Structures are given as structure tokens and as C-alpha cells.
Amino acid sequence: MPIEIKTRKMKVTINKNAPVVQSKEIIIHAKPEKVWEIMIDIDKWSDWNKNIRDSNTIRTPTVGSTFKWTNNGSKITSTIHTLKKNSMIGWTGKNFAAKAIHNWYLTPTDDGTKVLTEESMESWIMSLMKKKMNNILAEDMTSWLEFLKVESEK
């Protein structure tokens with residue numbers, strides 16, 4: 001069942017000067033509306049992304065709403081900063097080790113949707129472990145996109 005949300009755009013950009021910055025994209029053979037419905041249903045992320053556990057929202061996602069989730073064992077509290085129906089979702093996130101900005105862009109293509117995701121992470125720990133954390137983030141983003149592709153193309 002589609003989730004009804006009010007969308008608003010308040011674009012927050014990633015920090016391209018942060019010690020950890022990654023961007024990945026994929027073509028998904030499904031319409032942006034289908035990909036959007038999967039992305040916006042935060043409570044079900046763990047159903048299709050094996051790296052995510054305990055994703056839950058307090059209410060229907062809106063700009064300013066907070067959700068808690070666990071990604072690869074790291075507990076994160078995130079706040080949605082941007083929602084633009086069928087085209088963009090973005091949030092900030094915090095855990096014990098870093099502050100992050102994560103954005104997703106959905107662009108219609110002739111055969112589906114181009115999904116671009118980008119993230120920046122910063123803290124003194126991220127600065128110390130810059131190379132390792134960039135590699136970990138790149139792997140995580142790639143797997144997330146692949147899981148999203150499989151779920152969207154069902």
C-alpha cells in the first residue's frame with residue numbers, strides 16, 4: 001500500500017570536503033514511483049536490505065521527522081531533511097563515531113530509473129580512518145543499491 005506523504009524540498013548538500021565522501025549510481029528497470037515507494041517505507045528497509053536492522057519511524061516520514069536504524073551493526077539516529085516525491089530523499093544521521101549527510105536522487109530514464117546516492121561522513125574518528133571508512137562506505141552504498149535494484153525489479 002503506498003505511503004501518503006507531504007513532500008517538501010529543502011536540499012541539504014553533502015560536505016564534499018569531509019574526510020569520508022562517496023557517490024554511487026545504478027540503473028533500475030522500474031519506474032521512479034516504484035523505487036520511491038520502496039525507499040520511503042523506512043520501516044521495511046530491513047526486509048530487503050540484509051545490512052539494515054531495526055529501521056523504524058515514529059510516524060509517516062516528513063521533513064524533520066526522525067528515525068532510528070542499525071546499518072552494519074552501527075546504531076544511527078537520522079532526521080529527514082528533504083523529500084521530493086518520486087525524485088529525492090535525504091537525511092542527516094548521527095552515531096557515536098560520525099555525523100553524516102545522505103542523499104538519494106531518482107531520475108527517470110527510457111528503461112527505468114537512475115538512482116544516485118551520495119554521502120559524507122565527518123568526525124575526528126573519520127579523519128583518522130579516512131581510507132578504511134571510504135572503502136567501507138563505498139561497499140555499503142554499492143550493496144544498498146544492488147538490494148534496492150533487486151527489490152524494485154520484482
# chains A, B, ... in the order shown; residues from 1 in each chain; ligands from 1

$ select_by_dssp --residues "range 8-62 of chain A" --states "helix (DSSP H, G or I)" --output "list in words"
Pro32, Glu33, Lys34, Val35, Trp36, Glu37, Ile38, Met39, Ile40, Ile42, Asp43, Lys44, Trp45, Ser46, Asp47 and Trp48 of chain A

$ write_last_selection --atoms "N, CA and C atoms" --output "mmCIF file, in the first residue's frame"
data_model
loop_
_atom_site.group_PDB
_atom_site.id
_atom_site.type_symbol
_atom_site.label_atom_id
_atom_site.label_comp_id
_atom_site.auth_asym_id
_atom_site.auth_seq_id
_atom_site.Cartn_x
_atom_site.Cartn_y
_atom_site.Cartn_z
ATOM 1 N N PRO A 32 10.331 5.368 -11.395
ATOM 2 C CA PRO A 32 10.710 6.089 -10.174
ATOM 3 C C PRO A 32 9.662 5.964 -9.061
ATOM 4 N N GLU A 33 8.384 5.896 -9.437
ATOM 5 C CA GLU A 33 7.319 5.793 -8.434
ATOM 6 C C GLU A 33 7.470 4.511 -7.601
ATOM 7 N N LYS A 34 7.858 3.421 -8.236
ATOM 8 C CA LYS A 34 8.036 2.154 -7.513
ATOM 9 C C LYS A 34 9.273 2.217 -6.620
ATOM 10 N N VAL A 35 10.369 2.725 -7.158
ATOM 11 C CA VAL A 35 11.599 2.856 -6.364
ATOM 12 C C VAL A 35 11.339 3.764 -5.161
ATOM 13 N N TRP A 36 10.625 4.858 -5.383
ATOM 14 C CA TRP A 36 10.285 5.805 -4.322
ATOM 15 C C TRP A 36 9.510 5.123 -3.202
ATOM 16 N N GLU A 37 8.493 4.362 -3.560
ATOM 17 C CA GLU A 37 7.669 3.684 -2.545
ATOM 18 C C GLU A 37 8.515 2.759 -1.671
ATOM 19 N N ILE A 38 9.493 2.121 -2.266
ATOM 20 C CA ILE A 38 10.380 1.235 -1.506
ATOM 21 C C ILE A 38 11.301 2.060 -0.615
ATOM 22 N N MET A 39 11.875 3.121 -1.143
ATOM 23 C CA MET A 39 12.800 3.960 -0.361
ATOM 24 C C MET A 39 12.106 4.678 0.793
ATOM 25 N N ILE A 40 10.889 5.126 0.581
ATOM 26 C CA ILE A 40 10.210 5.930 1.593
ATOM 27 C C ILE A 40 9.620 5.073 2.709
ATOM 28 N N ILE A 42 10.580 3.311 5.240
ATOM 29 C CA ILE A 42 11.744 3.083 6.095
ATOM 30 C C ILE A 42 11.567 1.861 6.994
ATOM 31 N N ASP A 43 10.366 1.658 7.500
ATOM 32 C CA ASP A 43 10.116 0.530 8.401
ATOM 33 C C ASP A 43 10.371 -0.824 7.732
ATOM 34 N N LYS A 44 10.373 -0.867 6.411
ATOM 35 C CA LYS A 44 10.578 -2.136 5.704
ATOM 36 C C LYS A 44 11.963 -2.273 5.073
ATOM 37 N N TRP A 45 12.864 -1.314 5.316
ATOM 38 C CA TRP A 45 14.197 -1.417 4.742
ATOM 39 C C TRP A 45 14.850 -2.755 5.062
ATOM 40 N N SER A 46 14.698 -3.206 6.298
ATOM 41 C CA SER A 46 15.363 -4.451 6.706
ATOM 42 C C SER A 46 14.770 -5.678 6.021
ATOM 43 N N ASP A 47 13.610 -5.551 5.392
ATOM 44 C CA ASP A 47 13.018 -6.670 4.652
ATOM 45 C C ASP A 47 13.798 -6.990 3.383
ATOM 46 N N TRP A 48 14.426 -5.968 2.789
ATOM 47 C CA TRP A 48 15.114 -6.187 1.519
ATOM 48 C C TRP A 48 16.609 -5.859 1.545
#

$ residues_around --residues "range 110-122 of chain A" --least-positions-apart "4" --cutoff "6 Å" --atoms "only C-alpha atoms" --output "MDAnalysis selection string"
chainID A and resid 14:15 18 20:32 98:106 126

$ atom_distance --atom1 "CA of Thr92 in chain A" --atom2 "CA of Arg59 in chain A"
17.3 Å

$ atom_distance --atom1 "CA of Ser123 in chain A" --atom2 "CA of Phe67 in chain A"
21.2 Å

$ atom_distance --atom1 "CA of Leu145 in chain A" --atom2 "CA of Ser55 in chain A"
17.1 Å

$ residues_around --residues "Thr79 in chain A" --least-positions-apart "2" --cutoff "9 Å" --atoms "only C-alpha atoms" --output "MDAnalysis selection string"
chainID A and resid 63:68 77 81 90:93

$ write_last_selection --atoms "C-alpha atoms" --output "mmCIF file, in the first residue's frame"
data_model
loop_
_atom_site.group_PDB
_atom_site.id
_atom_site.type_symbol
_atom_site.label_atom_id
_atom_site.label_comp_id
_atom_site.auth_asym_id
_atom_site.auth_seq_id
_atom_site.Cartn_x
_atom_site.Cartn_y
_atom_site.Cartn_z
ATOM 1 C CA VAL A 63 10.781 16.702 6.564
ATOM 2 C CA GLY A 64 12.031 16.975 10.132
ATOM 3 C CA SER A 65 10.919 13.512 11.227
ATOM 4 C CA THR A 66 13.464 11.302 12.956
ATOM 5 C CA PHE A 67 14.011 7.592 12.575
ATOM 6 C CA LYS A 68 16.334 5.096 14.212
ATOM 7 C CA THR A 77 19.566 8.310 14.550
ATOM 8 C CA HIS A 81 15.909 16.972 5.577
ATOM 9 C CA GLY A 90 17.786 12.942 2.097
ATOM 10 C CA TRP A 91 18.637 12.737 5.769
ATOM 11 C CA THR A 92 21.307 13.576 8.265
ATOM 12 C CA GLY A 93 22.494 10.949 10.680
#

$ select_by_dssp --residues "range 36-136 of chain A" --states "strand (DSSP E or B)" --output "tab-separated table (two decimals) with N, CA and C atoms, in the first residue's frame"
chain	number	residue	atom	x	y	z
A	52	ILE	N	20.67	-3.85	7.04
A	52	ILE	CA	19.88	-2.96	7.90
A	52	ILE	C	19.03	-3.78	8.85
A	53	ARG	N	18.99	-3.32	10.09
A	53	ARG	CA	18.15	-3.93	11.13
A	53	ARG	C	17.41	-2.81	11.87
A	54	ASP	N	16.29	-3.16	12.40
A	54	ASP	CA	15.57	-2.28	13.33
A	54	ASP	C	15.28	-0.89	12.79
A	55	SER	N	14.97	-0.77	11.51
A	55	SER	CA	14.63	0.56	10.97
A	55	SER	C	13.19	0.87	11.36
A	56	ASN	N	13.01	1.97	12.04
A	56	ASN	CA	11.65	2.33	12.42
A	56	ASN	C	11.47	3.82	12.56
A	57	THR	N	10.28	4.22	12.18
A	57	THR	CA	9.90	5.63	12.25
A	57	THR	C	8.83	5.79	13.32
A	66	THR	N	12.28	12.06	12.56
A	66	THR	CA	13.46	11.30	12.96
A	66	THR	C	13.16	9.81	12.90
A	67	PHE	N	14.14	9.04	12.53
A	67	PHE	CA	14.01	7.59	12.58
A	67	PHE	C	15.31	6.99	13.09
A	68	LYS	N	15.18	5.81	13.67
A	68	LYS	CA	16.33	5.10	14.21
A	68	LYS	C	16.49	3.81	13.43
A	69	TRP	N	17.74	3.42	13.23
A	69	TRP	CA	18.01	2.22	12.47
A	69	TRP	C	19.41	1.73	12.76
A	70	THR	N	19.69	0.51	12.38
A	70	THR	CA	21.02	-0.08	12.53
A	70	THR	C	21.50	-0.50	11.16
A	71	ASN	N	22.67	-0.02	10.77
A	71	ASN	CA	23.26	-0.35	9.47
A	71	ASN	C	24.63	-0.97	9.72
A	74	SER	N	25.92	-0.64	13.22
A	74	SER	CA	26.03	0.71	13.79
A	74	SER	C	24.65	1.31	14.00
A	75	LYS	N	24.35	1.68	15.24
A	75	LYS	CA	23.05	2.30	15.55
A	75	LYS	C	23.10	3.77	15.16
A	76	ILE	N	22.08	4.19	14.41
A	76	ILE	CA	22.06	5.54	13.85
A	76	ILE	C	20.72	6.19	14.14
A	77	THR	N	20.77	7.49	14.46
A	77	THR	CA	19.57	8.31	14.55
A	77	THR	C	19.63	9.31	13.40
A	78	SER	N	18.60	9.31	12.56
A	78	SER	CA	18.60	10.17	11.38
A	78	SER	C	17.38	11.08	11.37
A	79	THR	N	17.54	12.22	10.71
A	79	THR	CA	16.46	13.19	10.54
A	79	THR	C	16.33	13.52	9.06
A	80	ILE	N	15.13	13.37	8.54
A	80	ILE	CA	14.89	13.65	7.13
A	80	ILE	C	14.97	15.16	6.89
A	81	HIS	N	15.78	15.55	5.92
A	81	HIS	CA	15.91	16.97	5.58
A	81	HIS	C	15.25	17.31	4.25
A	82	THR	N	15.05	16.33	3.38
A	82	THR	CA	14.49	16.60	2.07
A	82	THR	C	13.60	15.45	1.62
A	83	LEU	N	12.44	15.78	1.12
A	83	LEU	CA	11.55	14.82	0.47
A	83	LEU	C	10.97	15.51	-0.75
A	84	LYS	N	11.21	14.95	-1.89
A	84	LYS	CA	10.60	15.43	-3.12
A	84	LYS	C	10.08	14.19	-3.82
A	88	MET	N	13.60	12.60	-4.79
A	88	MET	CA	14.69	12.83	-3.85
A	88	MET	C	14.27	12.58	-2.41
A	89	ILE	N	15.17	11.92	-1.67
A	89	ILE	CA	15.04	11.81	-0.22
A	89	ILE	C	16.43	12.01	0.35
A	90	GLY	N	16.50	12.72	1.45
A	90	GLY	CA	17.79	12.94	2.10
A	90	GLY	C	17.62	13.05	3.59
A	91	TRP	N	18.67	12.65	4.31
A	91	TRP	CA	18.64	12.74	5.77
A	91	TRP	C	20.03	13.00	6.31
A	92	THR	N	20.06	13.49	7.51
A	92	THR	CA	21.31	13.58	8.27
A	92	THR	C	21.28	12.44	9.27
A	93	GLY	N	22.44	12.04	9.72
A	93	GLY	CA	22.49	10.95	10.68
A	93	GLY	C	23.64	11.14	11.66
A	94	LYS	N	23.45	10.58	12.85
A	94	LYS	CA	24.50	10.65	13.88
A	94	LYS	C	24.60	9.30	14.57
A	99	LYS	N	29.04	12.17	12.09
A	99	LYS	CA	27.86	12.86	11.58
A	99	LYS	C	27.88	12.63	10.08
A	100	ALA	N	26.69	12.37	9.52
A	100	ALA	CA	26.62	12.08	8.10
A	100	ALA	C	25.48	12.85	7.43
A	101	ILE	N	25.63	13.06	6.14
A	101	ILE	CA	24.57	13.59	5.28
A	101	ILE	C	24.44	12.60	4.14
A	102	HIS	N	23.22	12.12	3.91
A	102	HIS	CA	23.00	11.10	2.88
A	102	HIS	C	21.83	11.54	2.00
A	103	ASN	N	22.04	11.58	0.70
A	103	ASN	CA	21.02	11.98	-0.26
A	103	ASN	C	20.84	10.92	-1.33
A	104	TRP	N	19.60	10.77	-1.77
A	104	TRP	CA	19.23	9.85	-2.85
A	104	TRP	C	18.48	10.63	-3.91
A	105	TYR	N	18.84	10.44	-5.18
A	105	TYR	CA	18.19	11.11	-6.30
A	105	TYR	C	17.66	10.06	-7.27
A	106	LEU	N	16.41	10.17	-7.67
A	106	LEU	CA	15.79	9.27	-8.63
A	106	LEU	C	15.50	10.06	-9.90
A	107	THR	N	16.03	9.59	-11.02
A	107	THR	CA	15.85	10.27	-12.30
A	107	THR	C	15.28	9.28	-13.30
A	108	PRO	N	14.13	9.63	-13.91
A	108	PRO	CA	13.56	8.73	-14.92
A	108	PRO	C	14.51	8.55	-16.10
A	109	THR	N	14.54	7.33	-16.63
A	109	THR	CA	15.30	7.04	-17.85
A	109	THR	C	14.35	6.34	-18.81
A	112	GLY	N	13.72	2.92	-17.13
A	112	GLY	CA	13.53	2.80	-15.69
A	112	GLY	C	13.93	4.04	-14.92
A	113	THR	N	14.85	3.84	-13.97
A	113	THR	CA	15.24	4.92	-13.07
A	113	THR	C	16.74	4.89	-12.81
A	114	LYS	N	17.38	6.02	-12.94
A	114	LYS	CA	18.77	6.14	-12.48
A	114	LYS	C	18.70	6.55	-11.02
A	115	VAL	N	19.34	5.79	-10.15
A	115	VAL	CA	19.39	6.12	-8.73
A	115	VAL	C	20.82	6.51	-8.40
A	116	LEU	N	20.97	7.72	-7.91
A	116	LEU	CA	22.26	8.25	-7.47
A	116	LEU	C	22.19	8.45	-5.97
A	117	THR	N	23.15	7.94	-5.25
A	117	THR	CA	23.22	8.17	-3.82
A	117	THR	C	24.59	8.76	-3.49
A	118	GLU	N	24.59	9.67	-2.53
A	118	GLU	CA	25.84	10.30	-2.11
A	118	GLU	C	25.80	10.51	-0.61
A	119	GLU	N	26.99	10.42	0.00
A	119	GLU	CA	27.06	10.59	1.45
A	119	GLU	C	28.40	11.18	1.84
A	120	SER	N	28.35	11.99	2.89
A	120	SER	CA	29.58	12.48	3.52
A	120	SER	C	29.51	12.14	5.00
A	121	MET	N	30.66	11.81	5.58
A	121	MET	CA	30.75	11.50	7.00
A	121	MET	C	31.94	12.26	7.57
A	122	GLU	N	31.73	12.80	8.77
A	122	GLU	CA	32.83	13.54	9.38
A	122	GLU	C	32.86	13.40	10.89
